[in-house]
Amino acid sequence: MRHYLNSFRREPDISKFITPKFIKYSALADLRKISQLELNHPARRYVVGRKIPNRYHAKLFYAPKFKTWTNKLKPNKFDPEKIGKDEPRLLIPFVDQNGNLFGYQGRAFGDTEPRYITIILDELKPRVYGLDAVDLKKHVNIVEGPIDSMFVTNCLAMGGSHLDKTVSSLGLQPQNVTIIYDNEPRNKEIVAAIEKAINNGYNVCIWPDNHEYKDINDMIKDGYTTDMIDTMIKNSTYRDLLAKMRLQQWKK
């Protein structure tokens with residue numbers, strides 16, 4: 001009987017052992033978390049100064065030579081001969097629902113341009129921050145930047161992604177999403193983006209006319225809480241015809 005069974009035994013499926021495309025979170029192991037830095041370290045002082053909640057300090061990293069480190073994960077992303085004096089950046093990982101690192105954003109600590117550099121390791125993933133924490137079954141808020149998303153309930157951040165493709169790939173419906181752009185009524189690109197979001201059926205947050213803050217992090221630094229921000233967003237959210245009317249009032 002044993003010989004009979006062996007004759008039908010299949011060869012092992014080696015495809016199961018092929019290294020997958022995604023990169024585990026452990027790829028960040030050679031960087032220090034913000035929570036591991038000395039209290040007086042410039043990177044930690046920067047994070048504390050922006051009032052980023054403590055629970056994120058173990059999810060953010062310090063990359064002392066951002067471009068050189070990036071070349072380890074994505075060879076020749078930056079030409080080694082043109083890197084010059086490499087710079088430190090705050091590294092904000094983009095992690096999916098299964099804990100896989102598929103990209104990250106490097107935020108300059110000073111006025112270095114560009115202030116943000118986004119690196120995508122898996123082009124099949126939507127370019128969005130916060131997938132590891134958001135509940136897609138609930139109403140989802142979407143803001144421009146990862147740091148702002150840390151202060152809004154159930155929130156994602158666009159990482160230079162195409163909004164409609166991102167929402168569709170996540171299985172979301174526009175009516176179940178609120179888009180929150182920065183408070184820049186004179187910025188033609190933002191006004192156009194809000195108008196497009198309205199035309200595509202999204203809820204949009206259009207800040208009050210007397211709102212003095214450019215973005216959500218500015219509100220936090222001035223004493224606002226997440227509850228207060230959530231309430232303001234809810235009270236400043238419009239859709240369809242009302243959104244179009246409000247946008248005409250808001251833009252300058």
# chains A, B, ... in the order shown; residues from 1 in each chain; ligands from 1
>>> select_by_dssp(residues="stretch 35-122 of chain A", states="strand (DSSP E)", output="JSON, numbers by chain")
{"A": [61, 62, 63, 89, 90, 91, 92, 93, 94, 95, 100, 101, 102, 103, 104, 105, 106, 107, 108, 116, 117, 118, 119, 120]}
>>> residues_around(residues="A:Cys155", least_positions_apart="2", cutoff="7 Å", atoms="only C-alpha atoms", output="PDB file with C-alpha atoms, in the first residue's frame")
ATOM      1  CA  GLY A 130      -2.342  54.366   6.513  1.00  0.00           C
ATOM      2  CA  VAL A 134      -7.695  52.214   8.489  1.00  0.00           C
ATOM      3  CA  VAL A 140     -12.887  56.974   5.240  1.00  0.00           C
ATOM      4  CA  ASN A 141     -11.231  60.379   5.346  1.00  0.00           C
ATOM      5  CA  ILE A 142      -8.406  61.121   2.912  1.00  0.00           C
ATOM      6  CA  SER A 149      -3.618  61.854   8.662  1.00  0.00           C
ATOM      7  CA  VAL A 152      -7.911  62.536  11.874  1.00  0.00           C
ATOM      8  CA  THR A 153     -10.070  59.526  12.699  1.00  0.00           C
ATOM      9  CA  ALA A 157      -3.122  60.057   3.046  1.00  0.00           C
TER      10      ALA A 157
END
>>> atom_distance(atom1="atom CA of A:Asp240", atom2="atom CA of A:Cys205")
12.1 Å
>>> residues_around(residues="A:Gln173", least_positions_apart="3", cutoff="12 Å", atoms="only C-alpha atoms", output="PDB file with N, CA, C and O atoms, in the first residue's frame")
ATOM      1  N   LEU A 136     -11.654  50.035   6.304  1.00  0.00           N
ATOM      2  CA  LEU A 136     -12.276  50.359   5.026  1.00  0.00           C
ATOM      3  C   LEU A 136     -13.780  50.102   5.017  1.00  0.00           C
ATOM      4  O   LEU A 136     -14.471  50.510   4.072  1.00  0.00           O
ATOM      5  N   LYS A 137     -14.290  49.461   6.071  1.00  0.00           N
ATOM      6  CA  LYS A 137     -15.734  49.216   6.151  1.00  0.00           C
ATOM      7  C   LYS A 137     -16.480  50.432   6.706  1.00  0.00           C
ATOM      8  O   LYS A 137     -17.700  50.498   6.632  1.00  0.00           O
ATOM      9  N   LYS A 138     -15.710  51.366   7.266  1.00  0.00           N
ATOM     10  CA  LYS A 138     -16.303  52.593   7.802  1.00  0.00           C
ATOM     11  C   LYS A 138     -16.056  53.746   6.836  1.00  0.00           C
ATOM     12  O   LYS A 138     -15.337  53.615   5.849  1.00  0.00           O
ATOM     13  N   HIS A 139     -16.672  54.895   7.137  1.00  0.00           N
ATOM     14  CA  HIS A 139     -16.433  56.085   6.329  1.00  0.00           C
ATOM     15  C   HIS A 139     -14.952  56.452   6.430  1.00  0.00           C
ATOM     16  O   HIS A 139     -14.379  56.479   7.519  1.00  0.00           O
ATOM     17  N   VAL A 140     -14.330  56.722   5.285  1.00  0.00           N
ATOM     18  CA  VAL A 140     -12.887  56.974   5.240  1.00  0.00           C
ATOM     19  C   VAL A 140     -12.607  58.431   4.886  1.00  0.00           C
ATOM     20  O   VAL A 140     -13.190  58.980   3.942  1.00  0.00           O
ATOM     21  N   LEU A 163      -6.295  59.846  -7.210  1.00  0.00           N
ATOM     22  CA  LEU A 163      -7.362  59.661  -6.228  1.00  0.00           C
ATOM     23  C   LEU A 163      -8.373  58.605  -6.650  1.00  0.00           C
ATOM     24  O   LEU A 163      -8.668  57.676  -5.901  1.00  0.00           O
ATOM     25  N   ASP A 164      -8.920  58.730  -7.854  1.00  0.00           N
ATOM     26  CA  ASP A 164      -9.981  57.818  -8.277  1.00  0.00           C
ATOM     27  C   ASP A 164      -9.499  56.380  -8.380  1.00  0.00           C
ATOM     28  O   ASP A 164     -10.193  55.453  -7.971  1.00  0.00           O
ATOM     29  N   LYS A 165      -8.289  56.190  -8.914  1.00  0.00           N
ATOM     30  CA  LYS A 165      -7.754  54.834  -9.026  1.00  0.00           C
ATOM     31  C   LYS A 165      -7.517  54.243  -7.650  1.00  0.00           C
ATOM     32  O   LYS A 165      -7.756  53.057  -7.423  1.00  0.00           O
ATOM     33  N   THR A 166      -7.036  55.068  -6.724  1.00  0.00           N
ATOM     34  CA  THR A 166      -6.772  54.590  -5.366  1.00  0.00           C
ATOM     35  C   THR A 166      -8.057  54.158  -4.682  1.00  0.00           C
ATOM     36  O   THR A 166      -8.147  53.065  -4.111  1.00  0.00           O
ATOM     37  N   VAL A 167      -9.068  55.004  -4.741  1.00  0.00           N
ATOM     38  CA  VAL A 167     -10.353  54.694  -4.107  1.00  0.00           C
ATOM     39  C   VAL A 167     -10.958  53.434  -4.706  1.00  0.00           C
ATOM     40  O   VAL A 167     -11.459  52.553  -3.995  1.00  0.00           O
ATOM     41  N   SER A 168     -10.907  53.319  -6.032  1.00  0.00           N
ATOM     42  CA  SER A 168     -11.463  52.146  -6.706  1.00  0.00           C
ATOM     43  C   SER A 168     -10.713  50.875  -6.323  1.00  0.00           C
ATOM     44  O   SER A 168     -11.327  49.836  -6.054  1.00  0.00           O
ATOM     45  N   SER A 169      -9.381  50.951  -6.256  1.00  0.00           N
ATOM     46  CA  SER A 169      -8.575  49.767  -5.931  1.00  0.00           C
ATOM     47  C   SER A 169      -8.822  49.286  -4.518  1.00  0.00           C
ATOM     48  O   SER A 169      -8.621  48.109  -4.210  1.00  0.00           O
ATOM     49  N   LEU A 170      -9.257  50.183  -3.638  1.00  0.00           N
ATOM     50  CA  LEU A 170      -9.534  49.811  -2.252  1.00  0.00           C
ATOM     51  C   LEU A 170     -10.973  49.334  -2.059  1.00  0.00           C
ATOM     52  O   LEU A 170     -11.369  48.981  -0.947  1.00  0.00           O
ATOM     53  N   ASN A 176     -18.745  57.306   0.279  1.00  0.00           N
ATOM     54  CA  ASN A 176     -18.297  56.862   1.602  1.00  0.00           C
ATOM     55  C   ASN A 176     -16.905  57.404   1.945  1.00  0.00           C
ATOM     56  O   ASN A 176     -16.245  56.917   2.854  1.00  0.00           O
ATOM     57  N   VAL A 177     -16.482  58.408   1.176  1.00  0.00           N
ATOM     58  CA  VAL A 177     -15.161  58.992   1.354  1.00  0.00           C
ATOM     59  C   VAL A 177     -15.275  60.510   1.447  1.00  0.00           C
ATOM     60  O   VAL A 177     -16.041  61.124   0.715  1.00  0.00           O
ATOM     61  N   THR A 178     -14.519  61.106   2.375  1.00  0.00           N
ATOM     62  CA  THR A 178     -14.420  62.566   2.451  1.00  0.00           C
ATOM     63  C   THR A 178     -12.997  62.978   2.103  1.00  0.00           C
ATOM     64  O   THR A 178     -12.042  62.499   2.713  1.00  0.00           O
ATOM     65  N   ASN A 200     -16.885  64.003  -9.227  1.00  0.00           N
ATOM     66  CA  ASN A 200     -16.795  62.540  -9.207  1.00  0.00           C
ATOM     67  C   ASN A 200     -17.555  61.913  -8.044  1.00  0.00           C
ATOM     68  O   ASN A 200     -17.434  60.710  -7.793  1.00  0.00           O
ATOM     69  N   GLY A 201     -18.323  62.729  -7.323  1.00  0.00           N
ATOM     70  CA  GLY A 201     -19.237  62.188  -6.314  1.00  0.00           C
ATOM     71  C   GLY A 201     -18.705  62.078  -4.903  1.00  0.00           C
ATOM     72  O   GLY A 201     -19.350  61.472  -4.043  1.00  0.00           O
ATOM     73  N   TYR A 202     -17.529  62.666  -4.618  1.00  0.00           N
ATOM     74  CA  TYR A 202     -16.975  62.589  -3.275  1.00  0.00           C
ATOM     75  C   TYR A 202     -17.574  63.647  -2.348  1.00  0.00           C
ATOM     76  O   TYR A 202     -18.045  64.702  -2.790  1.00  0.00           O
ATOM     77  N   ASN A 203     -17.531  63.355  -1.065  1.00  0.00           N
ATOM     78  CA  ASN A 203     -17.726  64.387  -0.056  1.00  0.00           C
ATOM     79  C   ASN A 203     -16.425  65.177   0.020  1.00  0.00           C
ATOM     80  O   ASN A 203     -15.341  64.597  -0.065  1.00  0.00           O
TER      81      ASN A 203
END
>>> closest_residue(among="A:Leu101, A:Ala43, A:Lys74, A:Pro64", to="A:Asp86", atoms="only C-alpha atoms")
A:Pro64
>>> residues_around(residues="A:Gln248", least_positions_apart="6", cutoff="12 Å", atoms="only C-alpha atoms", output="list in words")
Pro185, Arg186, Val191, Ala192, Ile194, Glu195, Ile206, Asp209, Leu241 and Leu242 of chain A
>>> write_last_selection(atoms="N, CA and C atoms", output="tab-separated table (two decimals), in the first residue's frame")
chain	number	residue	atom	x	y	z
A	185	PRO	N	-7.36	78.54	-0.46
A	185	PRO	CA	-8.37	78.96	-1.45
A	185	PRO	C	-7.78	79.69	-2.66
A	186	ARG	N	-6.54	80.16	-2.55
A	186	ARG	CA	-5.91	80.86	-3.68
A	186	ARG	C	-5.06	79.92	-4.53
A	191	VAL	N	-7.98	74.10	-5.74
A	191	VAL	CA	-9.36	74.41	-6.12
A	191	VAL	C	-9.82	73.48	-7.23
A	192	ALA	N	-8.96	73.25	-8.22
A	192	ALA	CA	-9.31	72.36	-9.33
A	192	ALA	C	-9.49	70.92	-8.85
A	194	ILE	N	-10.42	69.96	-5.81
A	194	ILE	CA	-11.68	69.88	-5.07
A	194	ILE	C	-12.86	69.82	-6.04
A	195	GLU	N	-12.80	70.64	-7.07
A	195	GLU	CA	-13.88	70.65	-8.06
A	195	GLU	C	-14.02	69.30	-8.75
A	206	ILE	N	-14.54	71.70	2.88
A	206	ILE	CA	-14.17	73.06	2.47
A	206	ILE	C	-14.17	73.90	3.74
A	209	ASP	N	-14.55	80.17	5.99
A	209	ASP	CA	-13.87	81.33	5.40
A	209	ASP	C	-12.90	81.99	6.37
A	241	LEU	N	-24.38	69.53	-5.29
A	241	LEU	CA	-24.67	70.93	-5.58
A	241	LEU	C	-24.24	71.86	-4.45
A	242	LEU	N	-24.47	71.43	-3.20
A	242	LEU	CA	-24.05	72.26	-2.06
A	242	LEU	C	-22.54	72.46	-2.06
